[in-house]
Each structure stands twice: as structure tokens, then as C-alpha cells.
>>> print(open('entry_13.pdb').read())   # PDB, C-alpha atoms
ATOM      1  CA  MET A  21      75.265-155.977  19.265
ATOM      2  CA  THR A  22      74.665-157.041  22.859
ATOM      3  CA  VAL A  23      74.175-160.786  23.269
ATOM      4  CA  ILE A  24      71.420-161.763  25.688
ATOM      5  CA  LYS A  25      72.125-164.578  28.109
ATOM      6  CA  GLU A  26      69.814-167.551  28.416
ATOM      7  CA  ASN A  27      68.858-169.902  31.260
ATOM      8  CA  ASN A  28      70.519-167.705  33.909
ATOM      9  CA  GLU A  29      73.987-168.668  32.622
ATOM     10  CA  GLU A  30      76.979-166.816  34.031
ATOM     11  CA  LEU A  31      80.649-166.460  33.221
ATOM     12  CA  VAL A  32      82.502-168.052  36.134
ATOM     13  CA  ILE A  33      85.984-166.842  37.057
ATOM     14  CA  VAL A  34      87.977-168.832  39.614
ATOM     15  CA  ILE A  35      90.719-167.194  41.688
ATOM     16  CA  PRO A  36      93.032-168.300  44.543
ATOM     17  CA  SER A  37      91.229-168.616  47.862
ATOM     18  CA  ASP A  38      94.101-167.858  50.229
ATOM     19  CA  GLY A  39      97.713-166.828  50.589
ATOM     20  CA  GLU A  40      99.606-163.968  49.014
ATOM     21  CA  LEU A  41      98.304-164.760  45.527
ATOM     22  CA  HIS A  42      94.724-164.357  46.788
ATOM     23  CA  LYS A  43      95.421-160.906  48.233
ATOM     24  CA  ASN A  44      97.379-159.777  45.189
ATOM     25  CA  THR A  45      94.654-161.034  42.856
ATOM     26  CA  MET A  46      91.946-159.190  44.788
ATOM     27  CA  ASP A  47      94.037-156.002  44.629
ATOM     28  CA  PHE A  48      94.748-156.511  40.925
ATOM     29  CA  MET A  49      91.089-157.002  40.045
ATOM     30  CA  ASP A  50      90.179-153.890  42.040
ATOM     31  CA  LYS A  51      92.839-151.897  40.173
ATOM     32  CA  CYS A  52      91.348-153.072  36.863
ATOM     33  CA  GLY A  53      87.904-151.809  37.871
ATOM     34  CA  LEU A  54      86.735-155.370  38.592
ATOM     35  CA  LYS A  55      86.421-155.266  42.368
ATOM     36  CA  ILE A  56      85.262-158.590  43.786
ATOM     37  CA  ARG A  57      82.528-158.623  46.426
ATOM     38  CA  PRO A  58      82.302-161.882  48.459
ATOM     39  CA  THR A  59      78.766-163.279  48.542
ATOM     40  CA  SER A  60      79.229-166.051  51.116
ATOM     41  CA  SER A  61      80.189-165.934  54.770
ATOM     42  CA  ARG A  62      83.197-168.183  54.153
ATOM     43  CA  GLY A  63      84.300-166.139  51.156
ATOM     44  CA  TYR A  64      84.334-168.967  48.616
ATOM     45  CA  THR A  65      82.030-167.234  46.137
ATOM     46  CA  GLY A  66      81.654-163.654  44.980
ATOM     47  CA  SER A  67      80.456-161.277  42.307
ATOM     48  CA  ILE A  68      81.829-158.348  40.327
ATOM     49  CA  PRO A  69      79.251-155.528  40.665
ATOM     50  CA  SER A  70      80.789-153.575  37.785
ATOM     51  CA  MET A  71      80.292-156.550  35.450
ATOM     52  CA  PRO A  72      76.879-158.197  35.884
ATOM     53  CA  GLY A  73      76.764-161.778  34.658
ATOM     54  CA  VAL A  74      80.163-162.705  36.111
ATOM     55  CA  SER A  75      80.370-164.853  39.235
ATOM     56  CA  VAL A  76      83.524-165.587  41.224
ATOM     57  CA  LEU A  77      84.658-168.909  42.661
ATOM     58  CA  MET A  78      87.584-169.071  45.095
ATOM     59  CA  GLN A  79      89.616-172.285  45.201
ATOM     60  CA  ARG A  80      93.036-173.582  46.167
ATOM     61  CA  THR A  81      95.598-172.520  43.591
ATOM     62  CA  ALA A  82      96.428-176.169  42.883
ATOM     63  CA  ASP A  83      92.783-176.833  41.906
ATOM     64  CA  ILE A  84      92.145-173.867  39.606
ATOM     65  CA  THR A  85      93.407-175.422  36.366
ATOM     66  CA  ASN A  86      91.327-178.550  36.914
ATOM     67  CA  LYS A  87      88.210-176.495  37.719
ATOM     68  CA  ILE A  88      88.487-174.902  34.289
ATOM     69  CA  GLU A  89      89.209-178.181  32.520
ATOM     70  CA  ASP A  90      86.119-179.836  34.036
ATOM     71  CA  PHE A  91      83.887-176.838  33.091
ATOM     72  CA  SER A  92      83.274-175.806  36.725
ATOM     73  CA  ALA A  93      84.670-172.388  35.713
ATOM     74  CA  ASP A  94      85.271-170.607  32.413
ATOM     75  CA  ILE A  95      88.327-168.473  33.210
ATOM     76  CA  GLY A  96      90.722-168.228  36.118
ATOM     77  CA  ILE A  97      93.806-166.635  37.615
ATOM     78  CA  THR A  98      96.625-168.831  38.865
ATOM     79  CA  GLY A  99     100.400-169.089  38.776
ATOM     80  CA  LEU A 100     101.961-170.069  35.454
ATOM     81  CA  ASP A 101     103.785-172.840  37.346
ATOM     82  CA  ARG A 102     100.490-174.326  38.601
ATOM     83  CA  TYR A 103      98.871-174.042  35.177
ATOM     84  CA  LEU A 104     101.715-175.874  33.411
ATOM     85  CA  GLU A 105     102.012-178.514  36.124
ATOM     86  CA  TYR A 106      98.335-179.416  36.389
ATOM     87  CA  LYS A 107      96.896-178.966  32.892
ATOM     88  CA  THR A 108      96.047-182.229  31.170
ATOM     89  CA  ASP A 109      94.187-181.297  27.976
ATOM     90  CA  ASP A 110      94.888-178.259  25.795
ATOM     91  CA  ARG A 111      91.387-178.498  24.352
ATOM     92  CA  TYR A 112      89.868-177.456  27.658
ATOM     93  CA  VAL A 113      92.362-175.014  29.145
ATOM     94  CA  GLY A 114      94.691-172.426  27.629
ATOM     95  CA  LYS A 115      96.497-169.183  28.422
ATOM     96  CA  ILE A 116      94.711-165.896  27.738
ATOM     97  CA  VAL A 117      97.114-163.400  29.352
ATOM     98  CA  SER A 118     100.441-165.030  30.223
ATOM     99  CA  ASP A 119     101.724-162.287  32.539
ATOM    100  CA  LEU A 120      99.415-160.222  34.748
ATOM    101  CA  GLY A 121     102.327-158.315  36.251
ATOM    102  CA  TYR A 122     102.416-159.786  39.753
ATOM    103  CA  GLY A 123     103.211-163.032  41.575
ATOM    104  CA  SER A 124     106.692-163.326  40.047
ATOM    105  CA  CYS A 125     108.879-166.210  41.224
ATOM    106  CA  ASP A 126     111.357-168.733  39.830
ATOM    107  CA  PHE A 127     111.158-172.517  39.948
ATOM    108  CA  VAL A 128     114.772-173.506  40.609
ATOM    109  CA  LEU A 129     117.069-176.374  41.453
ATOM    110  CA  ALA A 130     118.971-175.855  44.713
ATOM    111  CA  VAL A 131     121.685-178.001  46.330
ATOM    112  CA  PRO A 132     123.364-177.856  49.763
ATOM    113  CA  ASP A 133     126.052-175.199  50.157
ATOM    114  CA  SER A 134     128.455-177.972  51.151
ATOM    115  CA  TRP A 135     128.372-179.345  47.573
ATOM    116  CA  ILE A 136     131.246-177.137  46.502
ATOM    117  CA  ASP A 137     131.803-179.127  43.281
ATOM    118  CA  VAL A 138     128.195-178.836  42.123
ATOM    119  CA  ASN A 139     127.564-175.371  40.714
ATOM    120  CA  GLY A 140     125.746-175.971  37.442
ATOM    121  CA  LEU A 141     123.489-178.309  35.517
ATOM    122  CA  GLU A 142     126.438-180.136  33.962
ATOM    123  CA  ASP A 143     127.855-180.851  37.430
ATOM    124  CA  LEU A 144     124.472-182.194  38.482
ATOM    125  CA  SER A 145     124.358-184.465  35.435
ATOM    126  CA  ASP A 146     127.787-185.873  36.325
ATOM    127  CA  LEU A 147     126.641-186.432  39.900
ATOM    128  CA  THR A 148     123.548-188.392  38.844
ATOM    129  CA  ASN A 149     125.794-190.691  36.788
ATOM    130  CA  GLU A 150     128.107-191.219  39.767
ATOM    131  CA  TYR A 151     125.132-192.141  41.938
ATOM    132  CA  ARG A 152     123.863-194.589  39.301
ATOM    133  CA  GLN A 153     127.279-196.297  39.118
ATOM    134  CA  LYS A 154     126.934-196.901  42.844
ATOM    135  CA  GLY A 155     123.452-198.339  42.364
ATOM    136  CA  LEU A 156     121.795-195.239  43.810
ATOM    137  CA  ASP A 157     119.428-192.563  42.552
ATOM    138  CA  LEU A 158     119.893-188.884  43.289
ATOM    139  CA  ARG A 159     116.783-187.844  45.209
ATOM    140  CA  ILE A 160     115.117-184.536  44.326
ATOM    141  CA  ALA A 161     112.289-183.198  46.497
ATOM    142  CA  THR A 162     109.675-181.130  44.654
ATOM    143  CA  LYS A 163     105.967-180.296  44.403
ATOM    144  CA  TYR A 164     106.198-179.980  40.616
ATOM    145  CA  PRO A 165     107.332-183.354  39.218
ATOM    146  CA  LYS A 166     105.915-182.768  35.737
ATOM    147  CA  LEU A 167     107.763-179.479  35.202
ATOM    148  CA  LEU A 168     110.953-180.852  36.721
ATOM    149  CA  ASN A 169     110.935-184.084  34.708
ATOM    150  CA  ASN A 170     110.412-182.222  31.446
ATOM    151  CA  TYR A 171     113.256-179.819  32.206
ATOM    152  CA  LEU A 172     115.736-182.489  33.270
ATOM    153  CA  TYR A 173     114.874-184.781  30.351
ATOM    154  CA  ASP A 174     115.309-181.890  27.932
ATOM    155  CA  ASN A 175     118.776-181.374  29.382
ATOM    156  CA  GLY A 176     119.777-185.038  29.168
ATOM    157  CA  ILE A 177     119.477-185.867  32.868
ATOM    158  CA  TYR A 178     117.663-189.138  33.603
ATOM    159  CA  ASN A 179     119.234-190.858  36.609
ATOM    160  CA  TYR A 180     117.330-189.425  39.572
ATOM    161  CA  ARG A 181     114.265-190.065  41.693
ATOM    162  CA  ILE A 182     111.493-187.609  42.540
ATOM    163  CA  VAL A 183     110.563-187.331  46.211
ATOM    164  CA  ALA A 184     107.049-185.961  46.650
ATOM    165  CA  VAL A 185     106.856-183.480  49.529
ATOM    166  CA  SER A 186     103.767-181.634  50.743
ATOM    167  CA  GLY A 187     105.392-179.471  53.399
ATOM    168  CA  ALA A 188     108.436-177.207  53.414
ATOM    169  CA  LEU A 189     110.955-178.458  50.866
ATOM    170  CA  GLU A 190     113.917-176.552  52.216
ATOM    171  CA  ALA A 191     114.331-178.948  55.134
ATOM    172  CA  ALA A 192     114.460-182.071  52.957
ATOM    173  CA  PRO A 193     118.277-182.265  52.450
ATOM    174  CA  ALA A 194     119.019-181.532  56.108
ATOM    175  CA  ALA A 195     116.419-184.083  57.230
ATOM    176  CA  GLY A 196     117.967-186.706  54.973
ATOM    177  CA  TYR A 197     114.975-187.709  52.840
ATOM    178  CA  ALA A 198     116.229-185.904  49.720
ATOM    179  CA  ASP A 199     119.606-184.845  48.340
ATOM    180  CA  LEU A 200     118.479-181.563  46.739
ATOM    181  CA  ILE A 201     115.267-179.682  45.995
ATOM    182  CA  ALA A 202     113.413-177.997  43.152
ATOM    183  CA  ASP A 203     111.178-175.265  44.508
ATOM    184  CA  LEU A 204     109.747-171.794  43.959
ATOM    185  CA  THR A 205     111.663-168.773  45.165
ATOM    186  CA  ALA A 206     111.089-165.049  44.837
ATOM    187  CA  THR A 207     114.224-163.681  46.502
ATOM    188  CA  GLY A 208     116.343-166.705  47.441
ATOM    189  CA  THR A 209     116.249-165.709  51.116
ATOM    190  CA  THR A 210     114.636-168.950  52.327
ATOM    191  CA  LEU A 211     117.103-171.040  50.337
ATOM    192  CA  ARG A 212     120.060-169.230  51.856
ATOM    193  CA  ALA A 213     118.562-169.514  55.351
ATOM    194  CA  ASN A 214     118.509-173.291  54.913
ATOM    195  CA  ASN A 215     122.078-173.479  53.583
ATOM    196  CA  LEU A 216     121.003-174.117  50.000
ATOM    197  CA  LYS A 217     122.274-172.549  46.784
ATOM    198  CA  GLN A 218     120.693-172.252  43.356
ATOM    199  CA  ILE A 219     122.787-173.846  40.637
ATOM    200  CA  ASN A 220     123.689-172.216  37.331
ATOM    201  CA  GLU A 221     121.261-173.043  34.511
ATOM    202  CA  GLY A 222     119.021-174.409  37.248
ATOM    203  CA  THR A 223     116.028-172.152  36.608
ATOM    204  CA  VAL A 224     113.313-174.507  35.425
ATOM    205  CA  LEU A 225     110.668-171.810  34.927
ATOM    206  CA  ARG A 226     110.087-168.095  35.479
ATOM    207  CA  SER A 227     106.548-167.887  36.750
ATOM    208  CA  GLN A 228     103.949-165.210  37.453
ATOM    209  CA  ALA A 229     100.191-164.837  37.739
ATOM    210  CA  CYS A 230      98.378-165.548  34.480
ATOM    211  CA  LEU A 231      94.826-165.562  33.139
ATOM    212  CA  ILE A 232      93.671-168.898  31.752
ATOM    213  CA  GLY A 233      90.390-170.172  30.346
ATOM    214  CA  ASN A 234      88.402-172.967  28.740
ATOM    215  CA  PRO A 235      88.269-172.458  24.937
ATOM    216  CA  GLU A 236      85.263-174.758  24.577
ATOM    217  CA  SER A 237      83.040-173.054  27.157
ATOM    218  CA  ILE A 238      83.953-169.531  25.972
ATOM    219  CA  ASN A 239      84.133-169.815  22.189
ATOM    220  CA  ASN A 240      80.927-171.840  21.912
ATOM    221  CA  ASN A 241      78.823-169.420  23.959
ATOM    222  CA  LYS A 242      78.265-165.915  22.554
ATOM    223  CA  TYR A 243      77.242-164.474  25.918
ATOM    224  CA  LYS A 244      80.339-165.803  27.722
ATOM    225  CA  PHE A 245      82.554-164.786  24.803
ATOM    226  CA  GLU A 246      81.290-161.193  25.016
ATOM    227  CA  LEU A 247      81.815-161.004  28.783
ATOM    228  CA  THR A 248      85.275-162.527  28.455
ATOM    229  CA  THR A 249      86.346-160.000  25.821
ATOM    230  CA  LYS A 250      85.119-157.119  28.021
ATOM    231  CA  LEU A 251      87.025-158.484  31.004
ATOM    232  CA  ILE A 252      90.173-159.021  28.913
ATOM    233  CA  ASP A 253      89.870-155.491  27.553
ATOM    234  CA  LEU A 254      89.895-153.984  31.051
ATOM    235  CA  ILE A 255      92.736-156.207  32.252
ATOM    236  CA  LYS A 256      95.005-155.715  29.232
ATOM    237  CA  SER A 257      94.314-151.963  29.089
ATOM    238  CA  ASN A 258      95.190-151.603  32.755
ATOM    239  CA  ILE A 259      98.422-153.573  32.320
ATOM    240  CA  ARG A 260      99.294-151.605  29.164
ATOM    241  CA  ALA A 261      98.768-148.302  30.987
ATOM    242  CA  GLU A 262     101.425-149.219  33.573
ATOM    243  CA  GLU A 263     104.076-148.444  30.959
ATOM    244  CA  TYR A 264     102.974-144.855  30.272
ATOM    245  CA  TYR A 265     102.472-141.444  31.861
ATOM    246  CA  ARG A 266     100.490-138.466  30.668
ATOM    247  CA  LEU A 267     102.487-135.204  30.577
ATOM    248  CA  THR A 268     100.693-131.856  30.533
ATOM    249  CA  ALA A 269     102.337-128.452  30.358
ATOM    250  CA  ASN A 270     101.631-124.830  29.512
ATOM    251  CA  VAL A 271     103.696-123.382  26.649
ATOM    252  CA  LEU A 272     103.907-119.822  25.290
ATOM    253  CA  CYS A 273     103.932-119.747  21.475
ATOM    254  CA  ASP A 274     102.787-117.410  18.702
ATOM    255  CA  SER A 275     100.539-120.001  17.015
ATOM    256  CA  GLU A 276      99.166-123.488  17.456
ATOM    257  CA  GLU A 277     100.749-124.600  14.183
ATOM    258  CA  ASN A 278     104.237-123.498  15.238
ATOM    259  CA  LEU A 279     103.850-125.148  18.625
ATOM    260  CA  ALA A 280     102.742-128.406  17.005
ATOM    261  CA  ALA A 281     105.790-128.324  14.722
ATOM    262  CA  LEU A 282     108.061-127.621  17.701
ATOM    263  CA  ILE A 283     106.666-130.537  19.729
ATOM    264  CA  LEU A 284     106.773-132.913  16.758
ATOM    265  CA  SER A 285     110.433-132.067  16.207
ATOM    266  CA  HIS A 286     111.080-133.915  19.487
ATOM    267  CA  PRO A 287     110.043-137.542  18.764
ATOM    268  CA  ASP A 288     110.030-138.577  22.441
ATOM    269  CA  ILE A 289     107.293-136.079  23.313
ATOM    270  CA  SER A 290     105.217-136.440  20.183
ATOM    271  CA  GLY A 291     102.881-138.859  21.976
ATOM    272  CA  LEU A 292     101.502-142.130  20.669
ATOM    273  CA  HIS A 293      99.797-140.412  17.712
ATOM    274  CA  GLY A 294     100.764-136.762  18.244
ATOM    275  CA  PRO A 295     100.296-134.115  20.974
ATOM    276  CA  THR A 296      96.982-132.620  22.024
ATOM    277  CA  LEU A 297      97.061-128.807  21.980
ATOM    278  CA  SER A 298      94.459-126.387  23.271
ATOM    279  CA  ARG A 299      94.543-122.604  23.636
ATOM    280  CA  LEU A 300      94.410-121.189  27.169
ATOM    281  CA  HIS A 301      92.133-118.223  27.795
ATOM    282  CA  ASN A 302      93.847-115.488  29.812
ATOM    283  CA  LYS A 303      93.734-111.715  30.262
ATOM    284  CA  SER A 304      97.085-111.029  28.582
ATOM    285  CA  ASP A 305      97.731-110.703  24.856
ATOM    286  CA  MET A 306     100.202-113.601  24.925
ATOM    287  CA  SER A 307      99.244-116.943  23.359
ATOM    288  CA  TRP A 308      99.456-119.720  25.907
ATOM    289  CA  PHE A 309      98.673-123.313  25.016
ATOM    290  CA  SER A 310      98.148-126.467  27.014
ATOM    291  CA  VAL A 311     100.110-129.452  25.704
ATOM    292  CA  SER A 312      99.144-133.028  26.572
ATOM    293  CA  VAL A 313     101.121-136.114  25.471
ATOM    294  CA  VAL A 314     101.359-139.775  26.506
ATOM    295  CA  VAL A 315     104.973-140.864  27.009
ATOM    296  CA  PRO A 316     106.742-144.105  28.028
ATOM    297  CA  LYS A 317     107.351-144.454  31.750
ATOM    298  CA  TYR A 318     110.979-145.494  31.267
ATOM    299  CA  ASN A 319     111.692-142.229  29.395
ATOM    300  CA  LEU A 320     109.785-139.866  31.689
ATOM    301  CA  SER A 321     112.739-137.752  32.854
ATOM    302  CA  SER A 322     114.015-137.175  29.307
ATOM    303  CA  CYS A 323     110.528-136.255  28.115
ATOM    304  CA  VAL A 324     110.153-133.672  30.889
ATOM    305  CA  SER A 325     113.486-132.140  29.832
ATOM    306  CA  GLN A 326     112.314-131.919  26.231
ATOM    307  CA  ILE A 327     109.044-130.265  27.272
ATOM    308  CA  ARG A 328     111.138-127.692  29.124
ATOM    309  CA  GLU A 329     113.247-127.121  26.012
ATOM    310  CA  CYS A 330     110.037-126.257  24.183
ATOM    311  CA  GLY A 331     109.237-123.644  26.833
ATOM    312  CA  GLY A 332     106.949-125.798  28.948
ATOM    313  CA  VAL A 333     106.047-124.631  32.461
ATOM    314  CA  SER A 334     103.731-126.037  35.141
ATOM    315  CA  ILE A 335     104.570-129.535  33.931
ATOM    316  CA  ALA A 336     102.457-132.294  35.481
ATOM    317  CA  ALA A 337     102.955-136.053  35.136
ATOM    318  CA  SER A 338     100.025-138.334  35.909
ATOM    319  CA  LYS A 339      99.536-142.075  35.821
ATOM    320  CA  ILE A 340      97.107-143.581  33.335
ATOM    321  CA  ASP A 341      94.574-146.129  34.589
ATOM    322  CA  TYR A 342      93.725-147.624  31.205
ATOM    323  CA  LEU A 343      95.158-147.522  27.690
ATOM    324  CA  PHE A 344      92.723-149.172  25.304
ATOM    325  CA  ASN A 345      93.610-150.487  21.859
ATOM    326  CA  GLU A 346      91.356-149.934  18.874
ATOM    327  CA  GLU A 347      90.162-153.532  19.018
ATOM    328  CA  VAL A 348      89.042-155.342  22.167
ATOM    329  CA  VAL A 349      90.577-158.656  21.109
ATOM    330  CA  GLU A 350      93.321-158.384  18.516
ATOM    331  CA  ASN A 351      92.534-160.465  15.417
ATOM    332  CA  ASP A 352      89.550-162.015  17.240
ATOM    333  CA  ARG A 353      91.904-164.207  19.247
ATOM    334  CA  ILE A 354      91.371-164.718  22.954
ATOM    335  CA  PHE A 355      93.738-167.608  23.583
ATOM    336  CA  ILE A 356      97.486-167.505  23.001
ATOM    337  CA  ALA A 357      99.791-170.384  22.104
TER     338      ALA A 357
END
>>> encode(input="entry_13.pdb", output="C-alpha cells")
Amino acid sequence: MTVIKENNEELVIVIPSDGELHKNTMDFMDKCGLKIRPTSSRGYTGSIPSMPGVSVLMQRTADITNKIEDFSADIGITGLDRYLEYKTDDRYVGKIVSDLGYGSCDFVLAVPDSWIDVNGLEDLSDLTNEYRQKGLDLRIATKYPKLLNNYLYDNGIYNYRIVAVSGALEAAPAAGYADLIADLTATGTTLRANNLKQINEGTVLRSQACLIGNPESINNNKYKFELTTKLIDLIKSNIRAEEYYRLTANVLCDSEENLAALILSHPDISGLHGPTLSRLHNKSDMSWFSVSVVVPKYNLSSCVSQIRECGGVSIAASKIDYLFNEEVVENDRIFIA
């Protein structure tokens, strides 16, 4: 049953307003069939024409979690690192999809290359104790003090001081206002360029883009709940489809039943629930059939070989845009722990 909205209410989704995460999010939404159309000259608001009733707000990545917590938006896309750092109340913000498949980076501890005796977390712990014995604190520059404190405390490291930095962290040790840094890195190139090295067991968090939302604003409003489930369905189905290809081939066989048995004797090409077979109409007396199966992307080459073993010719592999589950939201749960 379609739920009718009241009082011109809309589901508000907030996304990054600039940087690489903004571009990647715009591309991701387009790929999911949720293309965003800016509605203001400065590009801070938008709509999704394919999903009426959804409005888009564009904000700094650091502000997205708070916008959801204060009910300015219902759902949003941000980095997992930003979500965990800035969330303050689990009642008003939670993860919906923890990995959207882009924006991957690591939050790591990195020390100067010249620290040849500091290669792991245990070495760092020993160093903090040495500093404390001298009446000093080891200074760590970071933009994520909450994440860093939790990680270090969990690993028994307490004797240090956080140095808040708004600009480039990599220069902090060389400039002398910090001893080491904790920062995001995708490839490690910038760290190496600044004569820094990541330490063993120094990965605080593996981060990526995630979908988050306000449980109160969504679960207590039938209209917003319905729109959210539709949006989740498109996003999850698009992500799920990335792992599969559709294989089609023409196969000569005396009967459909024998061909089905032949295909099913090869588990890798039996499809998710079995192959689709259809008879081809041709001028000859031979029985040609079209075979269509969905196979895992990682096993594509082997599956093509098995289709060939069954007599398959004119084999085509095509990407799948969406792979929907039977239920839109599994077990009626939108939010994950």
C-alpha cells in the first residue's frame, strides 16, 4: 500500500558538498538510478527526479553526521571515519549500509622514517613511557581525536598528547609541533613523500563511504520509511550486482530436458536458482537453445570454460545493473548494529 505524505514533508538526504567524495557520491547515485539534479545556483540543494519526495542537501563531510542527529536531514552519505568521529547519540544516527563500495582509505599512525627503532604499536607504547619518565608527552597530530583516543586506550597506551591540526598533517613532525601523526591515507604516497612510515598494527580504522540515517525520523514516519526502503533497495541491489555477470550462450542439444541436466551437472554455471533455457527458431532441423545464467564475477573465466564444455557458442558476458532480493528490507530492519 502506498503511503501518502502529509504537510509537504520530504525525505532529506545529505551528501558531501565538495572534494573527491562529492564527485564519487554523485557518480554512485547516478549509477544506482538516483541521479541528483542541483536546484540552486550554488549547488547546495538538489532533487532526485526518479524519486519524487526526496530532496538533497549538500554539506561539508564533517557536518553530515550532526545534520542527521539534529533532524535537519533523515539520511546521508559520509565517510565511516567521519560518522564514528562525530556521532554523539546512537538514538538519532545509525549505519544503514556500512560499505557503499567507494571512498576507501585507512586511518593510520605514521612516524618519521628516522625513527628506526619504532616499527610497531608496542614500540610506540615503550616510547610514550620513555617520554613520560622525562616529564614529556609524545605529541600526536590528528583530526580524529575521538577515534585515536579509543584505539590507543584499547591498546594500553595513555601517555601522549593530542595536537589538533586543521591543515596538512604530514608537515607536523618536520615543522616541530608534533612528533608523529594519525591521518587518513589511501595509497601511502603522501606519507612517503613527507618521510613518514606507517607502523605495524597502526591501522586505527579501515574506512569507506557509508549510508547513515536517523532512526527516529525514519521509523516514526510511514512516508519517509517507505521512501527510505525504496532508496535502500536500489542502492543495495546495485552494489550486489557488482559481484555478478550474466552469461548467455547458444547450445545444440536434442532436448531441453537433457540440456538442463547437462548444465545442472556443472554447479558453477547452474545460476543462482538454475539456468534459463529457451528454444531458438531456425531453418535447420537441429535443436538450438539459448542458455542464460547469472554467475559470480570472480569465477567468470571458469564459468565460460564450463559453458564451452557443454557445447556453448556465441558466449556473451554482460554486467548486471541491479540484483534485487525477494524482500526490500531483510527482516524489516533498516539500521545495522
>>> axis_aligned_box(input="entry_13.pdb", around="range 65-68 of chain A", padding_each_side="5 Å", output="lines of an AutoDock Vina configuration file")
center_x = 81.2
center_y = -162.8
center_z = 43.2
size_x = 11.6
size_y = 18.9
size_z = 15.8
>>> resolve_selection(input="entry_13.pdb", expression="the PyMOL selection byres ((chain A and resi 101-111) around 9)", output="ChimeraX atom specification")
/A:81-86,89,98-100,112-115,126-127,164-167,204,225-230,232,234-236
>>> atom_distance(input="entry_13.pdb", atom1="CA of Thr65 in chain A", atom2="CA of Ile252 in chain A")
20.7 Å
>>> closest_residue(input="entry_13.pdb", among="A:Val314, A:Leu200, A:Ile255, A:Leu120", to="Ser134 in chain A", atoms="all atoms listed in the file")
A:Leu200
>>> closest_residue(input="entry_13.pdb", among="A:Leu292, A:Ile116, A:Leu31, A:Leu54", to="Ile356 in chain A", atoms="all atoms listed in the file")
A:Ile116
>>> resolve_selection(input="entry_13.pdb", expression="the PyMOL selection byres ((chain A and resi 290) around 12)", output="number ranges by chain")
A: 266-267, 279-289, 291-297, 311-316, 323, 326-327, 330
>>> residues_around(input="entry_13.pdb", residues="Glu347 in chain A", least_positions_apart="5", cutoff="12 Å", atoms="only C-alpha atoms", output="list in words")
Thr249, Lys250, Ile252, Asp253, Lys256, Ser257, Asp352, Arg353 and Ile354 of chain A
>>> decode(input="entry_13.pdb", residues="range 194-200 of chain A", atoms="all heavy atoms", output="PDB file, in the first residue's frame")
ATOM      1  N   ALA A 194      57.937  17.456  10.774  1.00  0.00           N
ATOM      2  CA  ALA A 194      59.053  18.246  10.233  1.00  0.00           C
ATOM      3  C   ALA A 194      59.025  19.674  10.759  1.00  0.00           C
ATOM      4  O   ALA A 194      60.080  20.289  10.991  1.00  0.00           O
ATOM      5  CB  ALA A 194      59.004  18.245   8.706  1.00  0.00           C
ATOM      6  N   ALA A 195      57.817  20.211  10.971  1.00  0.00           N
ATOM      7  CA  ALA A 195      57.685  21.580  11.472  1.00  0.00           C
ATOM      8  C   ALA A 195      57.935  21.670  12.963  1.00  0.00           C
ATOM      9  O   ALA A 195      58.138  22.768  13.504  1.00  0.00           O
ATOM     10  CB  ALA A 195      56.294  22.120  11.148  1.00  0.00           C
ATOM     11  N   GLY A 196      57.903  20.540  13.665  1.00  0.00           N
ATOM     12  CA  GLY A 196      58.263  20.522  15.066  1.00  0.00           C
ATOM     13  C   GLY A 196      57.129  20.693  16.054  1.00  0.00           C
ATOM     14  O   GLY A 196      57.373  20.740  17.257  1.00  0.00           O
ATOM     15  N   TYR A 197      55.856  20.765  15.562  1.00  0.00           N
ATOM     16  CA  TYR A 197      54.771  20.928  16.529  1.00  0.00           C
ATOM     17  C   TYR A 197      54.054  19.615  16.846  1.00  0.00           C
ATOM     18  O   TYR A 197      53.039  19.600  17.534  1.00  0.00           O
ATOM     19  CB  TYR A 197      53.776  21.998  16.081  1.00  0.00           C
ATOM     20  CG  TYR A 197      53.168  21.826  14.715  1.00  0.00           C
ATOM     21  CD1 TYR A 197      52.048  21.026  14.509  1.00  0.00           C
ATOM     22  CD2 TYR A 197      53.698  22.499  13.609  1.00  0.00           C
ATOM     23  CE1 TYR A 197      51.476  20.877  13.275  1.00  0.00           C
ATOM     24  CE2 TYR A 197      53.136  22.362  12.364  1.00  0.00           C
ATOM     25  CZ  TYR A 197      52.029  21.564  12.195  1.00  0.00           C
ATOM     26  OH  TYR A 197      51.468  21.420  10.948  1.00  0.00           O
ATOM     27  N   ALA A 198      54.581  18.504  16.347  1.00  0.00           N
ATOM     28  CA  ALA A 198      54.100  17.176  16.715  1.00  0.00           C
ATOM     29  C   ALA A 198      55.219  16.178  16.465  1.00  0.00           C
ATOM     30  O   ALA A 198      56.131  16.433  15.662  1.00  0.00           O
ATOM     31  CB  ALA A 198      52.855  16.800  15.925  1.00  0.00           C
ATOM     32  N   ASP A 199      55.182  15.049  17.173  1.00  0.00           N
ATOM     33  CA  ASP A 199      56.206  14.028  16.997  1.00  0.00           C
ATOM     34  C   ASP A 199      55.829  13.009  15.930  1.00  0.00           C
ATOM     35  O   ASP A 199      56.704  12.479  15.240  1.00  0.00           O
ATOM     36  CB  ASP A 199      56.451  13.310  18.325  1.00  0.00           C
ATOM     37  CG  ASP A 199      56.903  14.275  19.416  1.00  0.00           C
ATOM     38  OD1 ASP A 199      57.957  14.907  19.232  1.00  0.00           O
ATOM     39  OD2 ASP A 199      56.181  14.400  20.425  1.00  0.00           O
ATOM     40  N   LEU A 200      54.527  12.706  15.818  1.00  0.00           N
ATOM     41  CA  LEU A 200      54.027  11.777  14.809  1.00  0.00           C
ATOM     42  C   LEU A 200      52.599  12.172  14.473  1.00  0.00           C
ATOM     43  O   LEU A 200      52.045  13.111  15.062  1.00  0.00           O
ATOM     44  CB  LEU A 200      54.077  10.329  15.297  1.00  0.00           C
ATOM     45  CG  LEU A 200      53.166   9.955  16.483  1.00  0.00           C
ATOM     46  CD1 LEU A 200      52.780   8.487  16.405  1.00  0.00           C
ATOM     47  CD2 LEU A 200      53.884  10.230  17.811  1.00  0.00           C
TER      48      LEU A 200
END
